[in-house]
Each structure stands twice: as structure tokens, then as C-alpha cells.
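**Q** Input target-v7.cif, format and content: mmCIF, N, CA and C atoms.
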```cif
data_entry
#
loop_
_atom_site.label_atom_id
_atom_site.label_comp_id
_atom_site.auth_asym_id
_atom_site.auth_seq_id
_atom_site.Cartn_x
_atom_site.Cartn_y
_atom_site.Cartn_z
N MET A 1 5.46 27.21 14.37
CA MET A 1 4.80 25.99 13.94
C MET A 1 3.70 25.64 14.93
N GLU A 2 2.51 25.37 14.38
CA GLU A 2 1.38 25.04 15.24
C GLU A 2 1.55 23.65 15.84
N ALA A 3 1.13 23.52 17.06
CA ALA A 3 1.18 22.21 17.70
C ALA A 3 0.14 21.30 17.06
N LEU A 4 0.50 20.04 16.91
CA LEU A 4 -0.43 19.08 16.33
C LEU A 4 -1.45 18.67 17.37
N GLU A 5 -2.65 18.39 16.90
CA GLU A 5 -3.68 17.91 17.80
C GLU A 5 -3.33 16.50 18.24
N LYS A 6 -4.06 16.00 19.23
CA LYS A 6 -3.84 14.64 19.71
C LYS A 6 -4.00 13.68 18.53
N PRO A 7 -3.04 12.76 18.34
CA PRO A 7 -3.14 11.83 17.20
C PRO A 7 -4.37 10.95 17.30
N GLN A 8 -4.94 10.66 16.15
CA GLN A 8 -6.10 9.78 16.08
C GLN A 8 -5.59 8.40 15.68
N VAL A 9 -5.85 7.41 16.52
CA VAL A 9 -5.43 6.05 16.21
C VAL A 9 -6.67 5.30 15.76
N SER A 10 -6.59 4.69 14.59
CA SER A 10 -7.72 3.96 14.04
C SER A 10 -7.33 2.51 13.83
N THR A 11 -8.32 1.66 13.82
CA THR A 11 -8.11 0.24 13.55
C THR A 11 -9.02 -0.16 12.40
N VAL A 12 -8.47 -0.88 11.44
CA VAL A 12 -9.24 -1.38 10.32
C VAL A 12 -9.19 -2.90 10.36
N GLN A 13 -10.33 -3.53 10.37
CA GLN A 13 -10.38 -5.00 10.33
C GLN A 13 -10.52 -5.41 8.88
N PHE A 14 -9.52 -6.05 8.33
CA PHE A 14 -9.52 -6.46 6.93
C PHE A 14 -9.20 -7.93 6.90
N ALA A 15 -10.17 -8.74 6.57
CA ALA A 15 -10.04 -10.20 6.63
C ALA A 15 -9.74 -10.57 8.08
N ARG A 16 -8.65 -11.27 8.32
CA ARG A 16 -8.32 -11.68 9.68
C ARG A 16 -7.21 -10.84 10.29
N ARG A 17 -6.75 -9.83 9.56
CA ARG A 17 -5.64 -9.02 10.06
C ARG A 17 -6.15 -7.63 10.42
N LYS A 18 -5.63 -7.11 11.50
CA LYS A 18 -5.94 -5.73 11.87
C LYS A 18 -4.80 -4.85 11.42
N ILE A 19 -5.15 -3.71 10.87
CA ILE A 19 -4.15 -2.74 10.45
C ILE A 19 -4.32 -1.51 11.32
N PHE A 20 -3.26 -1.10 12.01
CA PHE A 20 -3.30 0.07 12.86
C PHE A 20 -2.59 1.21 12.15
N PHE A 21 -3.17 2.38 12.20
CA PHE A 21 -2.50 3.54 11.65
C PHE A 21 -2.78 4.75 12.52
N THR A 22 -1.84 5.67 12.55
CA THR A 22 -1.96 6.88 13.34
C THR A 22 -1.88 8.08 12.42
N ILE A 23 -2.78 9.01 12.63
CA ILE A 23 -2.79 10.22 11.82
C ILE A 23 -2.35 11.39 12.70
N TYR A 24 -1.27 12.07 12.30
CA TYR A 24 -0.75 13.21 13.05
C TYR A 24 -1.01 14.51 12.32
N ALA A 25 -2.14 14.63 11.70
CA ALA A 25 -2.47 15.85 10.98
C ALA A 25 -3.72 16.47 11.58
N LYS A 26 -3.80 17.77 11.48
CA LYS A 26 -4.99 18.45 11.95
C LYS A 26 -6.10 18.21 10.95
N ASP A 27 -7.34 18.34 11.41
CA ASP A 27 -8.48 18.16 10.52
C ASP A 27 -8.33 19.03 9.28
N GLY A 28 -8.59 18.43 8.12
CA GLY A 28 -8.52 19.17 6.87
C GLY A 28 -7.14 19.29 6.28
N GLU A 29 -6.12 18.78 6.96
CA GLU A 29 -4.75 18.91 6.48
C GLU A 29 -4.17 17.59 5.97
N VAL A 30 -4.99 16.57 5.82
CA VAL A 30 -4.51 15.28 5.33
C VAL A 30 -4.41 15.30 3.81
N GLU A 31 -5.27 16.05 3.18
CA GLU A 31 -5.33 16.06 1.72
C GLU A 31 -4.01 16.48 1.08
N LYS A 32 -3.41 17.53 1.56
CA LYS A 32 -2.18 18.04 0.93
C LYS A 32 -1.05 17.02 0.90
N PRO A 33 -0.70 16.37 2.03
CA PRO A 33 0.37 15.37 1.96
C PRO A 33 0.00 14.17 1.08
N MET A 34 -1.25 13.75 1.13
CA MET A 34 -1.66 12.60 0.31
C MET A 34 -1.52 12.93 -1.18
N ARG A 35 -1.94 14.13 -1.55
CA ARG A 35 -1.82 14.53 -2.96
C ARG A 35 -0.36 14.71 -3.35
N LYS A 36 0.44 15.36 -2.49
CA LYS A 36 1.85 15.59 -2.81
C LYS A 36 2.63 14.29 -2.95
N LEU A 37 2.26 13.29 -2.17
CA LEU A 37 2.91 11.99 -2.26
C LEU A 37 2.35 11.15 -3.40
N GLY A 38 1.29 11.63 -4.03
CA GLY A 38 0.69 10.91 -5.16
C GLY A 38 0.03 9.62 -4.75
N MET A 39 -0.49 9.56 -3.53
CA MET A 39 -1.08 8.33 -3.01
C MET A 39 -2.59 8.27 -3.18
N ALA A 40 -3.25 9.40 -3.09
CA ALA A 40 -4.71 9.42 -3.15
C ALA A 40 -5.19 10.77 -3.64
N LEU A 41 -6.47 10.79 -3.96
CA LEU A 41 -7.08 12.01 -4.48
C LEU A 41 -8.45 12.17 -3.84
N LEU A 42 -8.80 13.38 -3.45
CA LEU A 42 -10.10 13.66 -2.87
C LEU A 42 -11.06 14.04 -3.99
N LEU A 43 -12.14 13.28 -4.11
CA LEU A 43 -13.14 13.56 -5.13
C LEU A 43 -14.29 14.37 -4.54
N ASP A 44 -14.89 15.19 -5.35
CA ASP A 44 -16.07 15.98 -4.95
C ASP A 44 -15.82 16.76 -3.66
N ARG A 45 -14.68 17.44 -3.60
CA ARG A 45 -14.30 18.14 -2.37
C ARG A 45 -15.30 19.21 -1.95
N SER A 46 -16.11 19.71 -2.88
CA SER A 46 -17.09 20.73 -2.52
C SER A 46 -18.36 20.13 -1.93
N GLN A 47 -18.49 18.83 -1.99
CA GLN A 47 -19.68 18.15 -1.48
C GLN A 47 -19.48 17.77 -0.01
N VAL A 48 -20.59 17.60 0.68
CA VAL A 48 -20.54 17.19 2.08
C VAL A 48 -19.93 15.79 2.22
N LEU A 49 -20.24 14.91 1.29
CA LEU A 49 -19.74 13.54 1.34
C LEU A 49 -18.61 13.30 0.35
N ALA A 50 -17.58 14.11 0.43
CA ALA A 50 -16.40 13.91 -0.42
C ALA A 50 -15.76 12.58 -0.06
N ARG A 51 -15.08 11.95 -1.03
CA ARG A 51 -14.44 10.67 -0.74
C ARG A 51 -13.05 10.61 -1.35
N TRP A 52 -12.20 9.83 -0.71
CA TRP A 52 -10.84 9.62 -1.18
C TRP A 52 -10.81 8.41 -2.10
N VAL A 53 -9.97 8.46 -3.12
CA VAL A 53 -9.69 7.29 -3.95
C VAL A 53 -8.19 7.08 -3.98
N ILE A 54 -7.79 5.82 -4.05
CA ILE A 54 -6.37 5.45 -4.01
C ILE A 54 -5.83 5.38 -5.43
N GLU A 55 -4.61 5.88 -5.61
CA GLU A 55 -3.99 5.87 -6.93
C GLU A 55 -3.68 4.43 -7.36
N PRO A 56 -3.78 4.16 -8.67
CA PRO A 56 -3.56 2.80 -9.18
C PRO A 56 -2.21 2.19 -8.80
N TRP A 57 -1.14 2.98 -8.84
CA TRP A 57 0.18 2.43 -8.52
C TRP A 57 0.24 1.91 -7.09
N LEU A 58 -0.47 2.58 -6.18
CA LEU A 58 -0.47 2.17 -4.78
C LEU A 58 -1.28 0.88 -4.59
N VAL A 59 -2.37 0.76 -5.32
CA VAL A 59 -3.17 -0.47 -5.27
C VAL A 59 -2.34 -1.64 -5.77
N GLN A 60 -1.65 -1.46 -6.88
CA GLN A 60 -0.80 -2.52 -7.42
C GLN A 60 0.30 -2.91 -6.44
N ALA A 61 0.92 -1.93 -5.79
CA ALA A 61 1.97 -2.22 -4.82
C ALA A 61 1.41 -3.01 -3.63
N ALA A 62 0.23 -2.64 -3.18
CA ALA A 62 -0.39 -3.34 -2.05
C ALA A 62 -0.74 -4.77 -2.43
N LEU A 63 -1.27 -4.97 -3.64
CA LEU A 63 -1.62 -6.31 -4.09
C LEU A 63 -0.37 -7.18 -4.23
N ALA A 64 0.72 -6.60 -4.67
CA ALA A 64 1.97 -7.36 -4.82
C ALA A 64 2.49 -7.84 -3.47
N ARG A 65 2.20 -7.10 -2.42
CA ARG A 65 2.68 -7.47 -1.08
C ARG A 65 1.86 -8.58 -0.44
N LEU A 66 0.72 -8.94 -1.05
CA LEU A 66 -0.12 -9.99 -0.48
C LEU A 66 0.53 -11.37 -0.57
N GLY A 67 1.43 -11.54 -1.53
CA GLY A 67 2.06 -12.85 -1.70
C GLY A 67 1.03 -13.88 -2.13
N ASP A 68 0.93 -14.98 -1.38
CA ASP A 68 -0.01 -16.05 -1.71
C ASP A 68 -1.42 -15.79 -1.17
N ARG A 69 -1.57 -14.78 -0.36
CA ARG A 69 -2.88 -14.47 0.23
C ARG A 69 -3.82 -13.95 -0.85
N ARG A 70 -5.08 -14.33 -0.81
CA ARG A 70 -6.09 -13.88 -1.76
C ARG A 70 -7.20 -13.15 -1.03
N LEU A 71 -7.75 -12.13 -1.66
CA LEU A 71 -8.86 -11.39 -1.09
C LEU A 71 -10.18 -12.06 -1.47
N THR A 72 -11.16 -11.94 -0.60
CA THR A 72 -12.49 -12.45 -0.91
C THR A 72 -13.14 -11.54 -1.95
N ILE A 73 -14.24 -11.98 -2.51
CA ILE A 73 -14.97 -11.17 -3.48
C ILE A 73 -15.38 -9.84 -2.84
N GLU A 74 -15.85 -9.89 -1.60
CA GLU A 74 -16.28 -8.67 -0.91
C GLU A 74 -15.11 -7.70 -0.72
N GLU A 75 -13.95 -8.22 -0.35
CA GLU A 75 -12.76 -7.39 -0.18
C GLU A 75 -12.32 -6.81 -1.52
N GLN A 76 -12.42 -7.60 -2.57
CA GLN A 76 -12.07 -7.13 -3.91
C GLN A 76 -12.97 -5.97 -4.32
N GLU A 77 -14.26 -6.07 -4.01
CA GLU A 77 -15.20 -5.00 -4.35
C GLU A 77 -14.86 -3.70 -3.62
N VAL A 78 -14.43 -3.82 -2.37
CA VAL A 78 -14.04 -2.63 -1.60
C VAL A 78 -12.82 -1.98 -2.24
N VAL A 79 -11.82 -2.79 -2.58
CA VAL A 79 -10.60 -2.26 -3.20
C VAL A 79 -10.93 -1.61 -4.54
N LEU A 80 -11.75 -2.27 -5.33
CA LEU A 80 -12.13 -1.75 -6.64
C LEU A 80 -12.85 -0.41 -6.52
N ALA A 81 -13.77 -0.30 -5.57
CA ALA A 81 -14.53 0.94 -5.38
C ALA A 81 -13.65 2.09 -4.88
N ALA A 82 -12.56 1.75 -4.18
CA ALA A 82 -11.68 2.78 -3.62
C ALA A 82 -10.52 3.14 -4.54
N THR A 83 -10.48 2.54 -5.73
CA THR A 83 -9.37 2.76 -6.65
C THR A 83 -9.71 3.80 -7.70
N ARG A 84 -8.83 4.78 -7.86
CA ARG A 84 -8.99 5.76 -8.93
C ARG A 84 -8.53 5.12 -10.23
N LYS A 85 -9.30 5.26 -11.28
CA LYS A 85 -8.98 4.68 -12.59
C LYS A 85 -8.69 3.17 -12.49
N PRO A 86 -9.66 2.38 -12.04
CA PRO A 86 -9.42 0.94 -11.87
C PRO A 86 -9.10 0.22 -13.19
N LEU A 87 -9.47 0.79 -14.31
CA LEU A 87 -9.15 0.16 -15.60
C LEU A 87 -7.66 0.19 -15.91
N THR A 88 -6.90 1.04 -15.23
CA THR A 88 -5.46 1.13 -15.49
C THR A 88 -4.63 0.22 -14.59
N VAL A 89 -5.27 -0.41 -13.61
CA VAL A 89 -4.56 -1.31 -12.69
C VAL A 89 -4.35 -2.66 -13.37
N GLU A 90 -3.17 -3.22 -13.19
CA GLU A 90 -2.89 -4.57 -13.67
C GLU A 90 -3.30 -5.53 -12.54
N TRP A 91 -4.53 -5.98 -12.60
CA TRP A 91 -5.08 -6.85 -11.56
C TRP A 91 -4.43 -8.23 -11.66
N PRO A 92 -4.22 -8.90 -10.52
CA PRO A 92 -3.61 -10.24 -10.55
C PRO A 92 -4.52 -11.25 -11.26
N GLU A 93 -3.95 -12.37 -11.67
CA GLU A 93 -4.71 -13.42 -12.36
C GLU A 93 -5.89 -13.91 -11.53
N TRP A 94 -5.71 -14.03 -10.24
CA TRP A 94 -6.74 -14.57 -9.36
C TRP A 94 -7.88 -13.59 -9.08
N TRP A 95 -7.71 -12.34 -9.47
CA TRP A 95 -8.70 -11.29 -9.18
C TRP A 95 -9.97 -11.57 -9.96
N GLU A 96 -11.12 -11.65 -9.25
CA GLU A 96 -12.38 -12.01 -9.89
C GLU A 96 -13.29 -10.83 -10.18
N THR A 97 -13.21 -9.76 -9.40
CA THR A 97 -14.08 -8.61 -9.57
C THR A 97 -13.41 -7.64 -10.55
N LYS A 98 -13.88 -7.64 -11.76
CA LYS A 98 -13.26 -6.80 -12.80
C LYS A 98 -13.98 -5.46 -12.90
N PRO A 99 -13.23 -4.39 -13.17
CA PRO A 99 -13.87 -3.07 -13.36
C PRO A 99 -14.63 -3.03 -14.68
N SER A 100 -15.65 -2.21 -14.71
CA SER A 100 -16.42 -2.09 -15.96
C SER A 100 -16.14 -0.79 -16.65
#
```
What do you get writing this file as C-alpha cells?
**A**
Amino acid sequence: MEALEKPQVSTVQFARRKIFFTIYAKDGEVEKPMRKLGMALLLDRSQVLARWVIEPWLVQAALARLGDRRLTIEEQEVVLAATRKPLTVEWPEWWETKPS
């Protein structure tokens, strides 16, 4: 078994909360676990600027965990742009940015 490279620790500032996550995968090896877990999909993998999209079920689960917290319009646009098949997501009543 190959030794893992030094973990990459990233910080995401989302509203007023910071989310920390650590990636223990070698470059180029994140796609397989993400796909196998059904969490995300890599689009345009043959292009230099390939991008990940989040599966609808995961978006719905994340929104359900917000409780009474609401996202701003800007945050909603980010979530919408990062969602695969946004028309299939059951968006909450308070959600203002609708997919087209």
C-alpha cells in the first residue's frame, strides 16, 4: 500500500461559520471515493477546468441540517451552481433562488 501524501487541510468561510476539512487522498484519487459514495460527480473531466457537482440528495441533507438558519441569496446561488440536477432538489420554502 502506497503511503499517503501529507494531508491537505482547507478552510471554507461560509457565512459566519468556518468549516474545516482534511483530505487524505493523493492528487487525482478523490474522484473515485466521491463517486463510489454517490456524493459528487466530476463534470468535463477531459477539460483543464473540470468541476465537481454535488448530488441532489446530499444538498437536501445539508439543507435539512441548517435548522432555523437561512442562507443569503449569494450563498443560495453558490449552492445552486454546485448542485447536479438542481430541478430534482426539494428546495425549502424559504429558498429564493430557483433553478431554471
**Q** Please enclose the listed atoms of range 91-100 of chain A in an axis-aligned box, pad each side by 5 Å, and write out the centre and the three edge lengths in Å, rounded to one decimal, as lines of an AutoDock Vina configuration file.
**A**
```
center_x = -10.0
center_y = -7.7
center_z = -12.9
size_x = 22.8
size_y = 23.8
size_z = 17.6
```
**Q** For atom N of Trp57 in chain A and atom N of Pro92 in chain A, quote the distance in Å rounded to one decimal.
**A**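 Between atom N of Trp57 in chain A and atom N of Pro92 in chain A the gap works out to 12.4 Å.
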**Q** May I ask which of the residues A:Leu43, A:Trp95, A:Thr72, A:Gly38 is the closest one to Leu58 in chain A, counting all atoms listed in the file?
**A**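 Of the candidates, the smallest distance to Leu58 in chain A is held by A:Gly38.
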**Q** Kindly indicate which residue among A:Ser46, A:Thr88, A:Thr97, A:Gln76 lies nearest to Leu63 in chain A, using only C-alpha atoms for the distances.
**A** A:Gln76
**Q** What is the distance between atom N of Ile54 in chain A and CA of Lys85 in chain A, in Å to one decimal?
**A**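 Atom-to-atom, atom N of Ile54 in chain A to CA of Lys85 in chain A, that is 8.7 Å.
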**Q** Can you pull out every residue within 8 Å of Val59 in chain A, counting all atoms listed in the file, but drop anything in the same chain fewer than 2 positions away, and send it as a list in words?
**A**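 Final neighbour list, sorted by chain and number: Met39, Ile54, Glu55, Pro56, Trp57, Ala61, Ala62, Leu63, Ala64, Arg65, Val79, Thr83, Val89 and Glu90 of chain A.
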**Q** CA of Met34 in chain A and atom N of Asp68 in chain A are how many Å apart?
**A**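 Going from CA of Met34 in chain A over to atom N of Asp68 in chain A, I get 27.8 Å.
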**Q** Evaluated on this file, the PyMOL selection byres (((chain A and resi 53 and name CA) around 7) and name CA) picks out some residues - which ones are they, written as a ChimeraX atom specification?
**A** /A:40-42,51-52,54-55,82-84
